[in-house]
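Next up, start.txt (compact mmCIF, C-alpha atoms):
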# COMPACT_ATOMS: atom_id res chain seq x y z
CA MET A 1 0.68 19.85 13.56
CA THR A 2 -0.45 22.25 10.86
CA SER A 3 -3.30 24.40 12.15
CA ILE A 4 -5.24 27.60 11.66
CA GLY A 5 -5.49 29.31 14.99
CA ASP A 6 -6.07 26.43 17.38
CA ALA A 7 -7.79 24.21 14.77
CA GLU A 8 -5.91 21.50 12.92
CA MET A 9 -6.42 21.22 9.17
CA VAL A 10 -7.09 17.52 9.79
CA ASP A 11 -8.35 16.45 13.17
CA TRP A 12 -6.11 13.40 13.48
CA LYS A 13 -7.42 12.36 16.89
CA LEU A 14 -10.95 12.43 15.51
CA ALA A 15 -9.83 10.30 12.55
CA VAL A 16 -8.45 7.66 14.93
CA ALA A 17 -11.53 7.83 17.17
CA THR A 18 -13.90 7.54 14.20
CA ALA A 19 -12.07 4.59 12.67
CA THR A 20 -11.74 2.66 15.92
CA ARG A 21 -15.39 3.28 16.74
CA LEU A 22 -16.64 2.09 13.34
CA VAL A 23 -14.37 -0.86 12.69
CA LYS A 24 -15.45 -4.22 14.04
CA PRO A 25 -13.06 -5.92 16.47
CA GLY A 26 -12.66 -9.02 14.32
CA PRO A 27 -13.42 -12.72 14.75
CA GLU A 28 -13.93 -14.23 18.17
CA VAL A 29 -10.63 -15.58 19.44
CA GLY A 30 -9.95 -16.86 22.93
CA ARG A 31 -7.12 -15.40 24.98
CA ASP A 32 -4.91 -18.49 24.69
CA GLU A 33 -5.53 -18.78 20.96
CA ALA A 34 -4.77 -15.08 20.49
CA ARG A 35 -1.42 -15.49 22.24
CA GLU A 36 -0.57 -18.46 20.04
CA VAL A 37 -1.52 -16.58 16.86
CA VAL A 38 0.72 -13.66 17.81
CA ALA A 39 3.63 -15.95 18.72
CA GLU A 40 3.26 -17.96 15.52
CA LEU A 41 3.14 -14.87 13.32
CA ARG A 42 6.37 -13.63 14.91
CA ARG A 43 8.04 -17.01 14.33
CA HIS A 44 6.87 -17.09 10.73
CA ALA A 45 8.06 -13.54 10.12
CA LYS A 46 11.52 -14.49 11.36
CA ALA A 47 11.61 -17.65 9.25
CA SER A 48 10.34 -15.75 6.21
CA GLU A 49 13.25 -13.33 6.44
CA ARG A 50 15.72 -16.13 5.69
CA HIS A 51 13.55 -17.74 3.00
CA VAL A 52 13.00 -14.47 1.15
CA ARG A 53 16.60 -13.35 1.21
CA GLU A 54 17.88 -16.71 0.01
CA PHE A 55 15.40 -16.73 -2.86
CA THR A 56 15.80 -13.09 -3.93
CA ARG A 57 19.54 -12.84 -3.18
CA MET A 58 18.87 -9.49 -1.55
CA THR A 59 20.48 -8.55 1.76
CA SER A 60 19.61 -5.70 4.08
CA ALA A 61 22.09 -2.87 4.45
CA GLY A 62 22.89 -0.46 7.27
CA GLU A 63 20.55 0.60 10.05
CA GLY A 64 17.40 -0.28 8.12
CA ALA A 65 18.05 -3.97 8.73
CA ASP A 66 16.64 -3.75 12.25
CA THR A 67 13.06 -2.88 11.28
CA PRO A 68 10.72 -4.51 13.82
CA VAL A 69 7.78 -6.83 13.24
CA LEU A 70 4.64 -5.64 15.05
CA VAL A 71 1.61 -7.90 15.38
CA VAL A 72 -1.32 -5.51 15.78
CA ASP A 73 -5.10 -5.45 15.98
CA ARG A 74 -7.25 -3.30 13.70
CA ALA A 75 -7.06 -0.27 15.98
CA GLY A 76 -3.28 -0.56 16.05
CA TRP A 77 -3.17 -0.60 12.26
CA VAL A 78 -5.33 2.56 12.22
CA ARG A 79 -3.02 4.40 14.62
CA ALA A 80 0.06 3.46 12.62
CA ASN A 81 -1.46 4.65 9.35
CA VAL A 82 -2.73 7.93 10.80
CA ALA A 83 0.83 8.59 11.95
CA GLY A 84 2.00 7.85 8.41
CA PHE A 85 -0.57 10.20 6.91
CA ARG A 86 0.49 12.98 9.27
CA ALA A 87 4.11 12.62 8.18
CA VAL A 88 3.40 12.46 4.45
CA LEU A 89 0.69 15.12 4.24
CA GLY A 90 2.46 17.74 6.34
CA PRO A 91 3.83 19.80 3.40
CA LEU A 92 0.46 19.83 1.62
CA LEU A 93 -1.35 20.94 4.77
CA ASP A 94 1.16 23.74 5.18
CA LYS A 95 0.21 24.98 1.70
CA MET A 96 -3.47 24.73 2.51
CA GLN A 97 -2.94 26.63 5.76
CA ASP A 98 -1.27 29.49 3.92
CA ARG A 99 -4.00 29.63 1.28
CA ARG A 100 -6.94 29.37 3.66
CA GLY A 101 -5.40 31.80 6.12
CA ASN A 102 -5.76 34.53 3.51
CA LEU A 103 -9.44 33.80 2.84
CA PRO A 104 -12.31 35.60 4.61
CA GLY A 105 -13.45 33.30 7.40
CA GLY A 106 -10.42 31.08 6.86
CA ALA A 107 -10.08 30.18 10.55
CA VAL A 108 -13.68 28.97 10.70
CA LEU A 109 -13.26 27.06 7.44
CA GLY A 110 -10.15 25.40 8.85
CA ALA A 111 -11.82 24.41 12.11
CA VAL A 112 -14.90 22.94 10.45
CA GLY A 113 -12.91 21.39 7.61
CA GLY A 114 -10.53 19.70 10.04
CA LYS A 115 -13.41 17.96 11.80
CA VAL A 116 -15.05 16.91 8.54
CA THR A 117 -11.81 15.63 7.07
CA GLY A 118 -11.00 13.77 10.28
CA VAL A 119 -14.34 11.95 10.16
CA GLU A 120 -13.96 11.15 6.45
CA LEU A 121 -10.44 9.82 6.94
CA GLY A 122 -11.64 7.76 9.88
CA MET A 123 -14.43 6.24 7.78
CA LEU A 124 -11.96 5.30 5.05
CA LEU A 125 -9.55 3.73 7.51
CA SER A 126 -12.34 1.78 9.21
CA PHE A 127 -13.11 0.18 5.83
CA LEU A 128 -9.49 -0.68 5.12
CA ALA A 129 -8.62 -1.79 8.66
CA SER A 130 -10.76 -4.91 8.39
CA ARG A 131 -9.18 -5.97 5.07
CA VAL A 132 -5.42 -5.41 5.28
CA LEU A 133 -3.49 -8.55 6.26
CA GLY A 134 -0.10 -6.92 6.54
CA GLN A 135 1.82 -3.82 5.58
CA TYR A 136 5.36 -2.50 5.55
CA GLU A 137 4.72 0.94 7.05
CA THR A 138 7.39 3.22 5.66
CA PHE A 139 6.89 6.85 6.55
CA ALA A 140 5.67 7.32 10.12
CA PRO A 141 8.40 8.27 12.61
CA ALA A 142 9.21 5.81 15.35
CA SER A 143 7.40 6.24 18.65
CA ARG A 144 7.07 4.38 21.93
CA ASP A 145 3.87 2.69 20.75
CA MET A 146 5.10 2.15 17.20
CA PRO A 147 8.86 1.47 17.25
CA GLY A 148 10.79 1.63 14.01
CA SER A 149 14.30 1.06 12.77
CA ALA A 150 17.28 2.90 14.18
CA ALA A 151 17.15 5.09 11.07
CA GLY A 152 13.91 6.57 12.40
CA GLY A 153 11.08 4.64 10.78
CA GLY A 154 10.04 1.47 9.03
CA ARG A 155 8.07 -1.34 10.61
CA LEU A 156 6.32 -4.48 9.41
CA LEU A 157 2.70 -4.68 10.57
CA LEU A 158 0.83 -7.99 10.67
CA VAL A 159 -2.89 -7.53 11.40
CA ALA A 160 -3.72 -10.65 13.40
CA PRO A 161 -7.57 -10.43 13.44
CA ASN A 162 -7.72 -10.07 9.65
CA ILE A 163 -5.36 -12.98 9.06
CA VAL A 164 -7.46 -15.21 11.33
CA GLN A 165 -10.68 -14.04 9.69
CA VAL A 166 -9.46 -14.77 6.16
CA GLU A 167 -7.98 -18.15 6.99
CA ARG A 168 -11.35 -19.13 8.48
CA GLU A 169 -13.30 -17.78 5.51
CA LEU A 170 -11.10 -19.66 3.04
CA GLU A 171 -11.11 -22.81 5.20
CA VAL A 172 -7.38 -23.34 4.71
CA ASP A 173 -4.70 -24.64 7.05
CA PRO A 174 -4.13 -21.72 9.44
CA HIS A 175 -0.44 -22.44 10.05
CA ASP A 176 0.31 -22.60 6.34
CA PHE A 177 -1.73 -19.48 5.63
CA ARG A 178 0.05 -17.44 8.29
CA LEU A 179 3.45 -18.38 6.89
CA TRP A 180 2.24 -17.63 3.36
CA VAL A 181 1.13 -14.14 4.37
CA CYS A 182 4.43 -13.52 6.16
CA LEU A 183 6.38 -14.45 3.02
CA HIS A 184 4.59 -11.72 1.05
CA GLU A 185 5.00 -9.05 3.71
CA GLU A 186 8.60 -9.97 4.49
CA THR A 187 9.41 -9.45 0.82
CA HIS A 188 8.29 -5.83 1.18
CA ARG A 189 10.48 -5.38 4.25
CA THR A 190 13.41 -6.85 2.33
CA GLN A 191 12.79 -4.51 -0.61
CA PHE A 192 13.04 -1.41 1.55
CA THR A 193 15.87 -2.57 3.82
CA ALA A 194 18.02 -3.92 0.98
CA VAL A 195 17.48 -0.90 -1.27
CA PRO A 196 18.34 2.16 0.86
CA TRP A 197 17.28 4.77 -1.72
CA LEU A 198 13.83 3.28 -2.32
CA ARG A 199 12.02 4.95 0.58
CA ASP A 200 13.31 8.42 -0.25
CA HIS A 201 12.51 7.96 -3.92
CA ILE A 202 8.89 7.00 -3.27
CA GLU A 203 8.48 9.77 -0.71
CA GLY A 204 9.86 12.25 -3.24
CA GLU A 205 7.35 11.13 -5.85
CA ILE A 206 4.50 11.38 -3.34
CA GLN A 207 5.57 14.88 -2.34
CA ALA A 208 5.79 15.88 -6.00
CA PHE A 209 2.27 14.53 -6.47
CA LEU A 210 0.98 16.44 -3.46
CA GLY A 211 2.84 19.55 -4.58
CA GLU A 212 0.65 19.63 -7.69
CA THR A 213 -2.56 19.43 -5.68
CA GLU A 214 -5.07 22.20 -6.22
CA VAL A 215 -5.10 23.94 -2.86
CA ASP A 216 -7.64 26.63 -3.70
CA PRO A 217 -10.79 25.44 -1.90
CA VAL A 218 -13.17 26.61 -4.64
CA THR A 219 -11.15 24.92 -7.39
CA LEU A 220 -10.75 21.71 -5.42
CA LEU A 221 -14.45 21.52 -4.57
CA GLU A 222 -15.32 22.05 -8.23
CA ARG A 223 -13.02 19.23 -9.30
CA ILE A 224 -14.52 16.90 -6.69
CA ARG A 225 -18.04 17.88 -7.79
CA GLU A 226 -17.20 17.04 -11.40
CA ALA A 227 -15.65 13.75 -10.31
CA VAL A 228 -18.75 12.73 -8.37
CA GLN A 229 -20.97 13.71 -11.32
CA SER A 230 -18.96 11.51 -13.62
CA LEU A 231 -19.05 8.54 -11.26
CA ALA A 232 -22.78 9.02 -10.81
CA GLY A 233 -23.39 8.93 -14.53
CA GLY A 234 -23.59 12.68 -15.10
CA ARG A 235 -22.07 14.47 -18.07
CA PRO A 236 -18.24 14.33 -18.07
CA PRO A 237 -16.89 17.87 -18.04
CA GLU A 238 -14.10 17.53 -20.62
CA GLU A 239 -13.58 13.96 -21.69
CA ASP A 240 -16.02 11.50 -23.18
CA GLY A 241 -17.80 9.10 -20.88
CA GLU A 242 -15.88 6.06 -22.06
CA ALA A 243 -12.53 7.66 -21.28
CA ARG A 244 -13.56 8.52 -17.72
CA ALA A 245 -15.77 5.53 -16.95
CA GLY A 246 -12.93 3.39 -15.58
CA ARG A 247 -11.47 6.00 -13.23
CA SER A 248 -11.85 6.21 -9.49
CA ILE A 249 -12.67 9.40 -7.64
CA VAL A 250 -8.99 9.61 -6.72
CA GLU A 251 -8.01 9.69 -10.39
CA LEU A 252 -10.74 12.09 -11.45
CA VAL A 253 -9.57 14.93 -9.22
CA GLN A 254 -6.00 14.81 -10.52
CA THR A 255 -4.22 17.40 -12.62
CA PRO A 256 -2.35 16.35 -15.78
CA ALA A 257 0.98 16.70 -13.95
CA GLN A 258 -0.30 14.44 -11.19
CA ARG A 259 -1.33 11.79 -13.69
CA GLU A 260 2.24 11.72 -15.01
CA ILE A 261 3.63 11.30 -11.50
CA LEU A 262 0.99 8.70 -10.72
CA GLY A 263 2.12 6.73 -13.77
CA ARG A 264 5.61 6.47 -12.27
CA LEU A 265 4.25 5.59 -8.84
CA THR A 266 1.97 2.96 -10.36
CA ALA A 267 4.95 1.35 -12.05
CA VAL A 268 6.92 1.25 -8.80
CA MET A 269 4.01 -0.16 -6.82
CA SER A 270 3.33 -2.75 -9.53
CA LEU A 271 6.96 -3.81 -9.28
CA LEU A 272 6.89 -4.07 -5.48
CA GLU A 273 3.58 -5.92 -5.28
CA GLY A 274 4.35 -8.19 -8.23
CA HIS A 275 7.78 -9.02 -6.83
CA ALA A 276 6.20 -9.97 -3.49
CA ASP A 277 3.70 -12.24 -5.22
CA TYR A 278 6.46 -13.80 -7.34
CA VAL A 279 8.61 -14.48 -4.28
CA MET A 280 5.64 -15.86 -2.38
CA ASP A 281 4.95 -18.30 -5.22
CA GLY A 282 8.63 -19.17 -5.57
CA VAL A 283 9.27 -19.88 -1.90
CA GLY A 284 5.80 -21.20 -1.07
CA PRO A 285 6.02 -24.70 -2.59
CA ARG A 286 9.16 -25.44 -0.55
CA VAL A 287 7.85 -24.37 2.85
CA VAL A 288 4.03 -24.15 2.66
CA PRO A 289 2.56 -27.63 2.01
CA SER A 290 -0.94 -26.41 1.02
CA VAL A 291 0.24 -23.41 -1.01
CA VAL A 292 -1.63 -24.42 -4.18
CA GLU A 293 -4.97 -24.52 -2.36
CA ILE A 294 -4.26 -21.27 -0.51
CA ARG A 295 -3.19 -19.43 -3.64
CA GLU A 296 -6.24 -20.55 -5.63
CA LYS A 297 -8.74 -19.61 -2.92
CA PHE A 298 -7.03 -16.33 -2.08
CA GLN A 299 -6.83 -15.21 -5.70
CA LYS A 300 -10.53 -15.83 -6.10
CA ARG A 301 -11.28 -13.85 -2.95
CA ARG A 302 -8.97 -11.02 -4.01
CA ALA A 303 -10.63 -10.75 -7.41
CA THR A 304 -14.26 -10.88 -6.28
CA GLY A 305 -14.16 -8.98 -2.99
CA ALA A 306 -16.62 -9.58 -0.20
CA GLY A 307 -19.83 -8.39 -1.86
CA ARG A 308 -21.45 -5.67 -3.93
CA LEU A 309 -20.84 -2.90 -1.39
CA ASP A 310 -17.22 -3.93 -1.04
CA ALA A 311 -16.80 -3.91 -4.82
CA ALA A 312 -18.40 -0.47 -5.13
CA LEU A 313 -16.16 1.02 -2.44
CA ARG A 314 -13.08 -0.53 -3.99
CA LYS A 315 -14.01 0.98 -7.33
CA LEU A 316 -14.67 4.40 -5.81
CA LEU A 317 -11.36 4.43 -3.93
CA GLY A 318 -9.33 3.03 -6.81
CA LEU A 319 -8.46 -0.18 -4.94
CA ASP A 320 -9.32 -2.30 -7.99
CA ALA A 321 -6.28 -0.69 -9.61
CA LYS A 322 -4.17 -2.29 -6.88
CA LEU A 323 -5.38 -5.71 -7.99
CA ARG A 324 -4.10 -4.97 -11.48
CA GLN A 325 -0.77 -4.00 -9.94
CA TYR A 326 -0.41 -7.47 -8.43
CA ARG A 327 -1.14 -9.17 -11.75
CA ASP A 328 0.84 -6.87 -14.03
CA GLY A 329 3.80 -6.64 -11.67
CA GLU A 330 4.02 -10.39 -11.16
CA ARG A 331 3.98 -10.97 -14.93
CA PHE A 332 6.77 -8.40 -15.33
CA VAL A 333 8.98 -10.01 -12.67
CA ARG A 334 8.38 -13.52 -13.99
CA ALA A 335 9.16 -12.53 -17.58
CA VAL A 336 12.37 -10.71 -16.61
CA VAL A 337 13.64 -13.52 -14.37
CA ASP A 338 12.91 -16.05 -17.14
CA GLU A 339 14.91 -13.91 -19.56
CA VAL A 340 17.93 -12.78 -17.52
CA GLY A 341 17.76 -14.70 -14.23
CA MET A 342 17.41 -13.43 -10.67
CA GLU A 343 20.72 -11.55 -10.72
CA GLY A 344 19.71 -9.88 -13.96
CA PHE A 345 16.34 -8.94 -12.52
CA ASN A 346 17.97 -7.47 -9.40
CA ARG A 347 19.51 -4.74 -11.52
CA VAL A 348 16.07 -3.16 -11.15
CA TRP A 349 17.19 -2.07 -7.66
CA THR A 350 20.33 -0.25 -8.87
CA SER A 351 18.86 3.26 -8.96
CA PRO A 352 15.63 5.11 -9.80
CA ASN A 353 16.78 5.08 -13.42
CA THR A 354 16.60 1.28 -13.56
CA LEU A 355 13.06 1.09 -12.24
CA PRO A 356 10.58 0.05 -14.94
CA THR A 357 8.26 2.59 -16.47
CA LYS A 358 4.54 1.97 -16.61
CA ALA A 359 4.92 1.00 -20.28
CA GLU A 360 7.77 -1.40 -19.45
CA ILE A 361 5.66 -3.13 -16.80
CA ALA A 362 3.37 -4.11 -19.66
CA LYS A 363 6.32 -4.93 -21.97
CA PRO A 364 9.11 -6.50 -19.88
CA ALA A 365 11.29 -7.06 -22.96
CA ASP A 366 11.59 -3.29 -23.33
CA TRP A 367 13.00 -3.00 -19.80
CA VAL A 368 15.46 -5.83 -20.47
CA ALA A 369 16.58 -4.14 -23.67
CA ARG A 370 17.01 -0.75 -21.98
CA VAL A 371 18.79 -1.88 -18.83
CA HIS A 372 20.81 -4.84 -20.03
CA ARG A 373 22.14 -3.28 -23.18
CA GLN A 374 23.87 -0.68 -21.01
CA PRO A 375 27.33 -1.57 -19.62
CA GLU A 376 27.66 -2.55 -15.98
CA GLY A 377 28.16 0.32 -13.55
Just give me the structure of the file as structure tokens.
Amino acid sequence: MTSIGDAEMVDWKLAVATATRLVKPGPEVGRDEAREVVAELRRHAKASERHVREFTRMTSAGEGADTPVLVVDRAGWVRANVAGFRAVLGPLLDKMQDRRGNLPGGAVLGAVGGKVTGVELGMLLSFLASRVLGQYETFAPASRDMPGSAAGGGRLLLVAPNIVQVERELEVDPHDFRLWVCLHEETHRTQFTAVPWLRDHIEGEIQAFLGETEVDPVTLLERIREAVQSLAGGRPPEEDGEARAGRSIVELVQTPAQREILGRLTAVMSLLEGHADYVMDGVGPRVVPSVVEIREKFQKRRATGAGRLDAALRKLLGLDAKLRQYRDGERFVRAVVDEVGMEGFNRVWTSPNTLPTKAEIAKPADWVARVHRQPEG
């Protein structure tokens, strides 16, 4: 991996060690119950594949159709995501290596910085690892521990301890809840396996975003310092307080070019998350008897978080923006399907040009007018 001398820019092993040390193992589950949970999640994932594809009228194409379902614990989720970070961040770290290598003391800076960044990444992942129910992991290459599709990547992760913990907290039927979660996550797998260009498009946008990152250490530290000042109530450096008050630390360290790219990424993620919620609600009443109760309780939990500390961390990391993506994206999908039907909505998957813009997510009629006034093909 990218390094200066013998020191990695990010100490990935330390990130994994930090996260697995800090994250709690999850709820107490006996060995027999654990086996049954794993087996049931695999059955539900398989059943969800058929339900989702019948409802969405999307079919997987080519080698991507064989993406595996992996039922993992929290440590397994951490390892998979660190592998994904390594794959995605490689080009940026190469830039940082070149820039730091020319600085006085660059090797020392790289060695120390790699340890610090590894710990910080591990702390972030330890927070997320206890909250994620499932994830379609897109970018990490296949390995013996984390198999992927024949095309080289792609796997559906179901985090068993978190699913059990949430179903107990909500006091809902565990069998119904597990199927309900699988419907959402299977929709994401269907999106990427049925739309072959989608992965490369998103990766390209991410790399364009990273390509605009300030790699000069002094400049980057100054931007982070200003961001922290703003979040702490200090004087905003260029914009008025009201304009910056709603931003996370992730948003505050962005360049103008990155904000433009982020707008496109936000629209895509809103589409994907909203589509999964729409499908879950569409299929749920037919196959999940207690779906109304589950949906009501889960929405309340999603909106309020687990406490004041949880809410503060979500705000700092920009995770509250993800909640808006679910709501805005679901409204977009519902409005488009109501207007032009499922086949008409599925034209969204034709090419990057038919993806909605951030403005069109808020105004679905504008997307319908743009895409459906154009001739087929």
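Atom pair atom CA of A:Arg370 / atom CA of A:Tyr326 has a distance of 23.1 Å (rounded to one decimal).
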**Q.** Among listed residues A:Ile261, A:Val119, A:Val69, A:Ile294, nearest A:Ser48 (using only C-alpha atoms)
**A.** A:Val69
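Atom CA of A:Thr193 is positioned 25.4 Å from atom CA of A:Pro91.
Using all atoms listed in the file, every residue with an atom at most 9 Å from the point (-8.1, -18.8, -1.5) is listed here: Val166, Glu167, Glu169, Leu170, Glu171, Val172, Val292, Glu293, Ile294, Arg295, Glu296, Lys297, Phe298, Gln299, Lys300, Arg301 and Arg302 of chain A.
Counting only C-alpha atoms and comparing A:Ser149, A:Lys115, A:Val37, A:Leu183, the residue that lies closest to A:Gly284 is A:Leu183.
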(Q) Using only C-alpha atoms - which residues lie no farther than 12 Å from the point (7.1, -14.1, 2.7) in the file's frame? Write them as a PyMOL selection string. (A) chain A and resi 41+44-56+134-135+156+158+176-191+273+275-288
Contacts of stretch 350-354 of chain A within 9 Å, only C-alpha atoms, excl. fewer than 6 positions in-chain, as a CSV table (one decimal) with C-alpha atoms, in the coordinates of the input:
chain,number,residue,atom,x,y,z
A,195,VAL,CA,17.5,-0.9,-1.3
A,197,TRP,CA,17.3,4.8,-1.7
A,198,LEU,CA,13.8,3.3,-2.3
A,201,HIS,CA,12.5,8.0,-3.9
A,367,TRP,CA,13.0,-3.0,-19.8
A,370,ARG,CA,17.0,-0.8,-22.0
A,371,VAL,CA,18.8,-1.9,-18.8
Q. Distance atom CA of A:Arg57-atom CA of A:Trp349, one decimal place?
A. 11.9 Å
